[in-house]
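Have a look at the structure below, then the notes.
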Amino acid sequence: MSETGKSSLFPTYARYPITLVKGEGSRLWDDTGKEYIDLMSGIAVANLGHAPKEVKEQLVQQLDQLWHVSNLFHIPNQEKLASLLTANSCADAVFFCSTGAEANEAAIKLARRYNQKVLNNGRYEIITFNMSFHGRTLATLTATGQDKVKEGFLPLPEGFVYAPYNDIEAVRSLVNDKTCAIMLEMVQGEGGVLPADPEFVKQLAELCKQEGLLLIADEIQTGVGRTGKLFAYEHYGVEPDIFTLAKGLGGGFPIGAMLGKAFLAEGFSAGSHGSTFGGTPIATAAGFAAVDTILAQKLPERAAELGEYTIKKLESKLAGNPLIAKIRGIGLLIGIECTQPAGEIINEIHKKGVLVIPAGPNVIRLVPALNIPQEDLDQGLDVLCAVLAEKASTISSI
């Protein structure tokens with residue numbers, strides 16, 4: 001705050017009236033000392049909980065050695081993390097950056113450049129989906145299939161068209177001689193926690209092969225164990241040509257990555273793309289520690305088990321509640337769709353000491369840490385269900 005008591009920040013965020021100052025595991029504390037159970041993990045970032053010791057140890061060690069060098073030099077931690085990621089995925093090469101939007105920018109640029117400089121076909125158009133979310137840069141907000149994020153930013157870059165999610169015929173109708181790629185989230189997080197239909201994804205992959213298109217999977221929110229697999233595309237039996245990561249990749253430390261098949265390397269030749277803070281020694285130390293810990297502790301498998309448990313518990317405790325339209329999700333990415341806007345309900349859940357977030361106007365989104373203790377999860381779900389029961393009784397008594 002400034003001397004006048006006014007914030008010196010641009011008002012770009014509609015903030016909750018909570019100031020968080022400390023975190024440990026799946027617990028958070030605000031500046032008044034109030035304790036919260038965290039079922040949102042910084043929007044699927046703190047996959048190992050807050051201040052995980054495995055990541056902290058690697059960060060402390062790296063802080064004593066080297067913080068930053070230019071990507072004009074070799075960075076051993078980059079090779080170490082890239083090798084871990086490619087050994088556990090369908091990808092062969094990795095480009096490191098700092099954010100999810102930057103990772104998606106890299107994917108968009110690689111798709112275009114591979115077509116234009118390697119295949120020499122001039123293609124540049126990418127098909128994305130209604131209600132998708134791909135980032136806040138000009139290109140990624142244009143790729144996003146939600147008009148609200150585009151207001152006031154005209155003119156937008158050309159080269160993106162939108163199809164209804166899970167509608168293969170609509171996608172087919174949009175393919176033309178300008179199309180270079182199809183980009184999708186396997187689960188639309190911001191769009192309402194909407195999983196892709198398995199047959200739809202299979203047909204998309206087949207369409208890409210038939211038409212010579214690249215398949216891009218935006219795994220910014222779904223990646224690194226969140227859905228019960230290390231990467232969400234594994235649920236669908238397909239291999240994307242390109243996929244993107246961020247959020248949970250660094251255990252709370254900012255890092256993003258764009259991964260792709262070996263044949264695409266020719267599209268990103270030296271000097272074609274870059275990032276000053278992409279893959280610093282510190283960021284890649286955090287990334288390696290986070291991914292290595294998630295694999296060693298079999299946290300994707302735990303996310304699958306806890307996700308199934310959570311959905312069953314919610315379905316049982318919320319059965320017959322008139323506020324509930326549907327409960328859906330995969331792994332520990334779960335949405336509770338309400339029959340009315342969920343904002344006031346979420347505020348009340350916060351007041352009761354549990355942190356959750358929306359996914360669109362009517363959906364309560366749960367994205368706890370993959371290693372959340374069972375007792376924390378149960379306590380948080382009990383509070384959430386009690387608030388929903390209380391809200392429902394208030395409505396029925398009117």
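Chain labels follow the order of the structure tokens: the first chain is A, the next B, and so on; residue numbering restarts at 1 in every chain, and ligands are counted from 1 in their shown order.
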Which residues are close to A:Asp38, i.e. within 7 Å by only C-alpha atoms, leaving aside same-chain residues fewer than 5 positions away? Reply as a VMD selection string.
chain A and resid 26 to 28 354 to 355 368
Residue neighbourhood A:Gly145, 10 Å, only C-alpha atoms, exclusion window fewer than 3 positions, as a PDB file with N, CA and C atoms, in the first residue's frame:
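Contents of the output file result.pdb:
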```pdb
ATOM      1  N   THR A 128      -9.054 -24.231 -32.249  1.00  0.00           N
ATOM      2  CA  THR A 128      -9.186 -24.415 -30.809  1.00  0.00           C
ATOM      3  C   THR A 128     -10.673 -24.589 -30.495  1.00  0.00           C
ATOM      4  N   PHE A 129     -11.039 -24.525 -29.206  1.00  0.00           N
ATOM      5  CA  PHE A 129     -12.397 -24.916 -28.836  1.00  0.00           C
ATOM      6  C   PHE A 129     -13.101 -23.890 -27.964  1.00  0.00           C
ATOM      7  N   ASN A 130     -14.418 -23.811 -28.159  1.00  0.00           N
ATOM      8  CA  ASN A 130     -15.248 -22.949 -27.326  1.00  0.00           C
ATOM      9  C   ASN A 130     -15.050 -23.308 -25.857  1.00  0.00           C
ATOM     10  N   MET A 131     -14.964 -22.290 -25.008  1.00  0.00           N
ATOM     11  CA  MET A 131     -14.785 -22.416 -23.562  1.00  0.00           C
ATOM     12  C   MET A 131     -13.376 -22.852 -23.150  1.00  0.00           C
ATOM     13  N   SER A 132     -12.456 -22.901 -24.112  1.00  0.00           N
ATOM     14  CA  SER A 132     -11.064 -23.215 -23.771  1.00  0.00           C
ATOM     15  C   SER A 132     -10.415 -22.018 -23.100  1.00  0.00           C
ATOM     16  N   PHE A 133      -9.248 -22.265 -22.484  1.00  0.00           N
ATOM     17  CA  PHE A 133      -8.435 -21.179 -21.941  1.00  0.00           C
ATOM     18  C   PHE A 133      -6.973 -21.522 -22.161  1.00  0.00           C
ATOM     19  N   HIS A 134      -6.244 -20.626 -22.862  1.00  0.00           N
ATOM     20  CA  HIS A 134      -4.855 -20.911 -23.210  1.00  0.00           C
ATOM     21  C   HIS A 134      -3.867 -19.846 -22.759  1.00  0.00           C
ATOM     22  N   THR A 140      -2.325 -16.098 -27.128  1.00  0.00           N
ATOM     23  CA  THR A 140      -3.003 -17.149 -26.373  1.00  0.00           C
ATOM     24  C   THR A 140      -4.413 -16.753 -25.944  1.00  0.00           C
ATOM     25  N   LEU A 141      -4.671 -15.465 -25.726  1.00  0.00           N
ATOM     26  CA  LEU A 141      -6.052 -15.084 -25.430  1.00  0.00           C
ATOM     27  C   LEU A 141      -6.906 -15.161 -26.697  1.00  0.00           C
ATOM     28  N   THR A 142      -6.273 -14.968 -27.853  1.00  0.00           N
ATOM     29  CA  THR A 142      -7.006 -15.158 -29.102  1.00  0.00           C
ATOM     30  C   THR A 142      -7.297 -16.635 -29.324  1.00  0.00           C
ATOM     31  N   LYS A 148     -14.866 -13.179 -23.143  1.00  0.00           N
ATOM     32  CA  LYS A 148     -14.658 -12.243 -22.037  1.00  0.00           C
ATOM     33  C   LYS A 148     -13.187 -11.859 -21.863  1.00  0.00           C
ATOM     34  N   VAL A 149     -12.259 -12.739 -22.226  1.00  0.00           N
ATOM     35  CA  VAL A 149     -10.836 -12.425 -22.041  1.00  0.00           C
ATOM     36  C   VAL A 149     -10.296 -11.547 -23.165  1.00  0.00           C
ATOM     37  N   LYS A 150     -11.098 -11.319 -24.214  1.00  0.00           N
ATOM     38  CA  LYS A 150     -10.638 -10.585 -25.391  1.00  0.00           C
ATOM     39  C   LYS A 150     -11.119  -9.141 -25.433  1.00  0.00           C
ATOM     40  N   PHE A 160      -6.854 -18.110 -35.825  1.00  0.00           N
ATOM     41  CA  PHE A 160      -7.505 -19.033 -34.898  1.00  0.00           C
ATOM     42  C   PHE A 160      -8.990 -19.148 -35.232  1.00  0.00           C
ATOM     43  N   VAL A 161      -9.496 -20.366 -35.237  1.00  0.00           N
ATOM     44  CA  VAL A 161     -10.924 -20.612 -35.420  1.00  0.00           C
ATOM     45  C   VAL A 161     -11.362 -21.572 -34.320  1.00  0.00           C
ATOM     46  N   TYR A 162     -12.667 -21.576 -34.022  1.00  0.00           N
ATOM     47  CA  TYR A 162     -13.145 -22.253 -32.825  1.00  0.00           C
ATOM     48  C   TYR A 162     -14.247 -23.251 -33.162  1.00  0.00           C
ATOM     49  N   ALA A 163     -14.166 -24.391 -32.506  1.00  0.00           N
ATOM     50  CA  ALA A 163     -15.165 -25.449 -32.696  1.00  0.00           C
ATOM     51  C   ALA A 163     -15.811 -25.776 -31.359  1.00  0.00           C
ATOM     52  N   PRO A 164     -17.035 -26.298 -31.377  1.00  0.00           N
ATOM     53  CA  PRO A 164     -17.633 -26.808 -30.137  1.00  0.00           C
ATOM     54  C   PRO A 164     -16.809 -27.990 -29.619  1.00  0.00           C
ATOM     55  N   TYR A 165     -16.608 -28.020 -28.330  1.00  0.00           N
ATOM     56  CA  TYR A 165     -15.862 -29.103 -27.680  1.00  0.00           C
ATOM     57  C   TYR A 165     -16.604 -30.423 -27.855  1.00  0.00           C
ATOM     58  N   GLY A 191     -12.910 -23.537 -18.217  1.00  0.00           N
ATOM     59  CA  GLY A 191     -14.205 -23.625 -18.885  1.00  0.00           C
ATOM     60  C   GLY A 191     -15.267 -24.352 -18.090  1.00  0.00           C
TER      61      GLY A 191
END
```
For the helix (DSSP H, G or I) assignment from backbone DSSP, which residues of stretch 139-305 of chain A qualify? Please present them as a ChimeraX atom specification.
/A:139-143,147-149,168-174,198-211,232-236,247-250,262-267,281-296,299-305
From the list A:Val356, A:Leu20, A:Leu66, A:Leu214, which residue is nearest A:Phe263 when using only C-alpha atoms?
A:Leu214
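Taking atom CA of A:Gly335 as the reference point, atom CA of A:Ala232 is found at 16.3 Å.
Using only C-alpha atoms for every distance, the candidate list A:Gly267, A:Gly278, A:Gly251, A:Pro195 yields A:Gly278 as the residue closest to A:Asn71.
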